Amino acid sequence: MGEHAPGFQDLTTLSSLRCGHTLLKAHAMAWHTYDTTFRSDQGGKVGITLNLDWAEPRDPDLPADVQATDRYMQVYSDWFAHPIFVDGDYPPVISATLRKAKLAMPDM
């Protein structure tokens with residue numbers, strides 16, 4: 001962590017959450033700007049490329065493995081896909097992490 005630019009070494013998850021949130025807001029802003037200003041004249045499309053991953057539980061009969069896989073999928077794929085393609089909100093694992101961070105840092 002922090003090896004490549006910009007070199008931040010924040011050992012909390014806050015910087016990552018802020019970065020992801022800003023990326024999603026910027027994409028939404030670009031989409032809405034295109035939709036309201038240019039789409040009627042240009043007829044184009046706006047898309048996003050997400051780097052998604054897939055995981056399977058090591059042992060599907062172990063609840064801990066199934067839960068770990070679900071958490072992994074929520075963090076590495078659903079974090080960006082869920083707000084865009086599901087309901088506009090973060091998946092439960094990310095929402096819970098944000099709630100805990102806000103409790104720990106009320107000024108966030």
# chains A, B, ... in the order shown; residues from 1 in each chain; ligands from 1
$ residues_around --residues "Ala68 of chain A" --least-positions-apart "3" --cutoff "10 Å" --atoms "only C-alpha atoms" --output "PyMOL selection string"
chain A and resi 55-58+63-65+71-74
$ select_by_dssp --residues "chain A" --states "alpha helix (DSSP H)" --output "PyMOL selection string"
chain A and resi 14-33+39-42+63-73+79-85+92-104
$ residues_around --residues "Ser77 of chain A" --least-positions-apart "5" --cutoff "9 Å" --atoms "only C-alpha atoms" --output "JSON, numbers by chain"
{"A": [50, 51, 52, 53, 54, 72, 82]}
$ closest_residue --among "A:Leu62, A:Ala104, A:Leu14, A:Ile84" --to "His27 of chain A" --atoms "only C-alpha atoms"
A:Ile84
$ residues_around --residues "Gly44 of chain A" --least-positions-apart "5" --cutoff "9 Å" --atoms "only C-alpha atoms" --output "MDAnalysis selection string"
chainID A and resid 34:35 38:39
$ write_last_selection --atoms "N, CA and C atoms" --output "compact mmCIF listing (two decimals), in the first residue's frame"
# COMPACT_ATOMS: atom_id res chain seq x y z
N TYR A 34 -24.18 14.02 -19.91
CA TYR A 34 -24.37 13.57 -21.29
C TYR A 34 -25.85 13.41 -21.60
N ASP A 35 -26.57 12.79 -20.68
CA ASP A 35 -27.98 12.50 -20.92
C ASP A 35 -28.79 13.78 -21.12
N PHE A 38 -26.24 16.28 -24.24
CA PHE A 38 -25.74 15.85 -25.54
C PHE A 38 -26.49 14.69 -26.19
N ARG A 39 -27.15 13.86 -25.41
CA ARG A 39 -27.73 12.63 -25.96
C ARG A 39 -28.74 12.90 -27.07
$ atom_distance --atom1 "atom CA of Leu24 of chain A" --atom2 "atom CA of Asp41 of chain A"
25.4 Å
$ residues_around --residues "segment 18-20 of chain A" --least-positions-apart "3" --cutoff "12 Å" --atoms "only C-alpha atoms" --output "list of chain:residue names"
A:Phe8, A:Asp10, A:Thr12, A:Thr13, A:Leu14, A:Ser15, A:Leu23, A:Leu24, A:Lys25, A:Ala26, A:His27, A:Leu50, A:Val75, A:Tyr76, A:Ser77, A:Asp78, A:Trp79, A:Phe80, A:Ala81, A:Pro83, A:Tyr90, A:Ile94, A:Leu98, A:Ala101, A:Met108
$ decode --residues "segment 73-103 of chain A" --atoms "N, CA, C and O atoms" --output "CSV table (one decimal), in the first residue's frame"
chain,number,residue,atom,x,y,z
A,73,MET,N,-17.1,-11.0,-2.5
A,73,MET,CA,-17.9,-10.6,-3.6
A,73,MET,C,-18.5,-9.2,-3.5
A,73,MET,O,-18.4,-8.4,-4.4
A,74,GLN,N,-18.9,-8.9,-2.3
A,74,GLN,CA,-19.5,-7.6,-2.0
A,74,GLN,C,-18.4,-6.5,-2.1
A,74,GLN,O,-18.7,-5.4,-2.6
A,75,VAL,N,-17.2,-6.8,-1.6
A,75,VAL,CA,-16.2,-5.8,-1.5
A,75,VAL,C,-15.6,-5.6,-2.9
A,75,VAL,O,-15.3,-4.5,-3.4
A,76,TYR,N,-15.3,-6.7,-3.6
A,76,TYR,CA,-14.5,-6.6,-4.8
A,76,TYR,C,-15.3,-6.5,-6.1
A,76,TYR,O,-14.8,-6.0,-7.1
A,77,SER,N,-16.6,-6.8,-6.1
A,77,SER,CA,-17.4,-6.6,-7.3
A,77,SER,C,-18.7,-5.8,-7.0
A,77,SER,O,-18.9,-4.8,-7.8
A,78,ASP,N,-19.4,-6.1,-6.0
A,78,ASP,CA,-20.6,-5.3,-5.7
A,78,ASP,C,-20.4,-3.9,-5.3
A,78,ASP,O,-21.3,-3.1,-5.5
A,79,TRP,N,-19.3,-3.6,-4.8
A,79,TRP,CA,-19.0,-2.2,-4.3
A,79,TRP,C,-19.3,-1.2,-5.4
A,79,TRP,O,-20.0,-0.2,-5.2
A,80,PHE,N,-18.9,-1.5,-6.6
A,80,PHE,CA,-19.1,-0.6,-7.7
A,80,PHE,C,-20.4,-1.0,-8.6
A,80,PHE,O,-21.0,-0.1,-9.1
A,81,ALA,N,-20.7,-2.3,-8.7
A,81,ALA,CA,-21.8,-2.7,-9.5
A,81,ALA,C,-23.1,-2.4,-8.9
A,81,ALA,O,-24.1,-2.0,-9.5
A,82,HIS,N,-23.2,-2.7,-7.6
A,82,HIS,CA,-24.5,-2.6,-6.8
A,82,HIS,C,-25.1,-1.2,-7.0
A,82,HIS,O,-26.3,-1.1,-7.3
A,83,PRO,N,-24.4,-0.1,-6.7
A,83,PRO,CA,-25.0,1.2,-6.8
A,83,PRO,C,-25.5,1.5,-8.2
A,83,PRO,O,-26.5,2.2,-8.4
A,84,ILE,N,-24.8,1.0,-9.2
A,84,ILE,CA,-25.2,1.3,-10.6
A,84,ILE,C,-26.3,0.4,-11.1
A,84,ILE,O,-27.2,0.9,-11.8
A,85,PHE,N,-26.2,-0.8,-10.9
A,85,PHE,CA,-27.1,-1.8,-11.5
A,85,PHE,C,-28.2,-2.4,-10.7
A,85,PHE,O,-29.1,-3.0,-11.2
A,86,VAL,N,-28.1,-2.1,-9.3
A,86,VAL,CA,-29.1,-2.7,-8.4
A,86,VAL,C,-30.1,-1.6,-7.9
A,86,VAL,O,-31.2,-1.5,-8.4
A,87,ASP,N,-29.6,-0.9,-6.9
A,87,ASP,CA,-30.6,0.1,-6.3
A,87,ASP,C,-30.0,1.4,-5.9
A,87,ASP,O,-30.7,2.2,-5.2
A,88,GLY,N,-28.8,1.8,-6.4
A,88,GLY,CA,-28.3,3.1,-6.1
A,88,GLY,C,-27.6,3.2,-4.8
A,88,GLY,O,-27.1,4.2,-4.4
A,89,ASP,N,-27.5,2.1,-4.0
A,89,ASP,CA,-26.9,2.1,-2.7
A,89,ASP,C,-25.8,1.0,-2.7
A,89,ASP,O,-25.7,0.2,-3.6
A,90,TYR,N,-24.9,1.1,-1.7
A,90,TYR,CA,-23.8,0.2,-1.6
A,90,TYR,C,-24.3,-1.2,-1.1
A,90,TYR,O,-25.4,-1.2,-0.4
A,91,PRO,N,-23.6,-2.2,-1.3
A,91,PRO,CA,-24.0,-3.6,-0.8
A,91,PRO,C,-23.9,-3.5,0.8
A,91,PRO,O,-23.2,-2.6,1.3
A,92,PRO,N,-24.5,-4.4,1.5
A,92,PRO,CA,-24.5,-4.4,2.9
A,92,PRO,C,-23.2,-4.3,3.6
A,92,PRO,O,-23.0,-3.6,4.6
A,93,VAL,N,-22.2,-5.1,3.1
A,93,VAL,CA,-20.9,-5.0,3.8
A,93,VAL,C,-20.2,-3.6,3.7
A,93,VAL,O,-19.7,-3.1,4.7
A,94,ILE,N,-20.3,-3.0,2.6
A,94,ILE,CA,-19.8,-1.6,2.5
A,94,ILE,C,-20.6,-0.6,3.3
A,94,ILE,O,-20.0,0.2,4.0
A,95,SER,N,-21.9,-0.8,3.3
A,95,SER,CA,-22.8,0.1,4.1
A,95,SER,C,-22.5,0.0,5.6
A,95,SER,O,-22.4,0.9,6.4
A,96,ALA,N,-22.3,-1.3,6.1
A,96,ALA,CA,-21.9,-1.5,7.5
A,96,ALA,C,-20.5,-0.9,7.8
A,96,ALA,O,-20.4,-0.3,8.9
A,97,THR,N,-19.6,-1.0,6.9
A,97,THR,CA,-18.3,-0.4,7.1
A,97,THR,C,-18.4,1.1,7.2
A,97,THR,O,-17.7,1.7,8.1
A,98,LEU,N,-19.2,1.7,6.4
A,98,LEU,CA,-19.4,3.1,6.4
A,98,LEU,C,-20.0,3.6,7.7
A,98,LEU,O,-19.6,4.6,8.4
A,99,ARG,N,-21.0,2.8,8.2
A,99,ARG,CA,-21.7,3.1,9.5
A,99,ARG,C,-20.7,3.1,10.6
A,99,ARG,O,-20.7,3.9,11.5
A,100,LYS,N,-19.9,2.0,10.7
A,100,LYS,CA,-18.9,1.9,11.7
A,100,LYS,C,-17.9,3.1,11.7
A,100,LYS,O,-17.5,3.6,12.7
A,101,ALA,N,-17.5,3.5,10.5
A,101,ALA,CA,-16.5,4.6,10.3
A,101,ALA,C,-17.1,5.9,10.8
A,101,ALA,O,-16.5,6.7,11.5
A,102,LYS,N,-18.4,6.1,10.5
A,102,LYS,CA,-19.1,7.3,10.9
A,102,LYS,C,-19.2,7.3,12.5
A,102,LYS,O,-19.2,8.4,13.1
A,103,LEU,N,-19.4,6.2,13.1
A,103,LEU,CA,-19.5,6.1,14.5
A,103,LEU,C,-18.2,6.4,15.2
A,103,LEU,O,-18.1,7.1,16.2
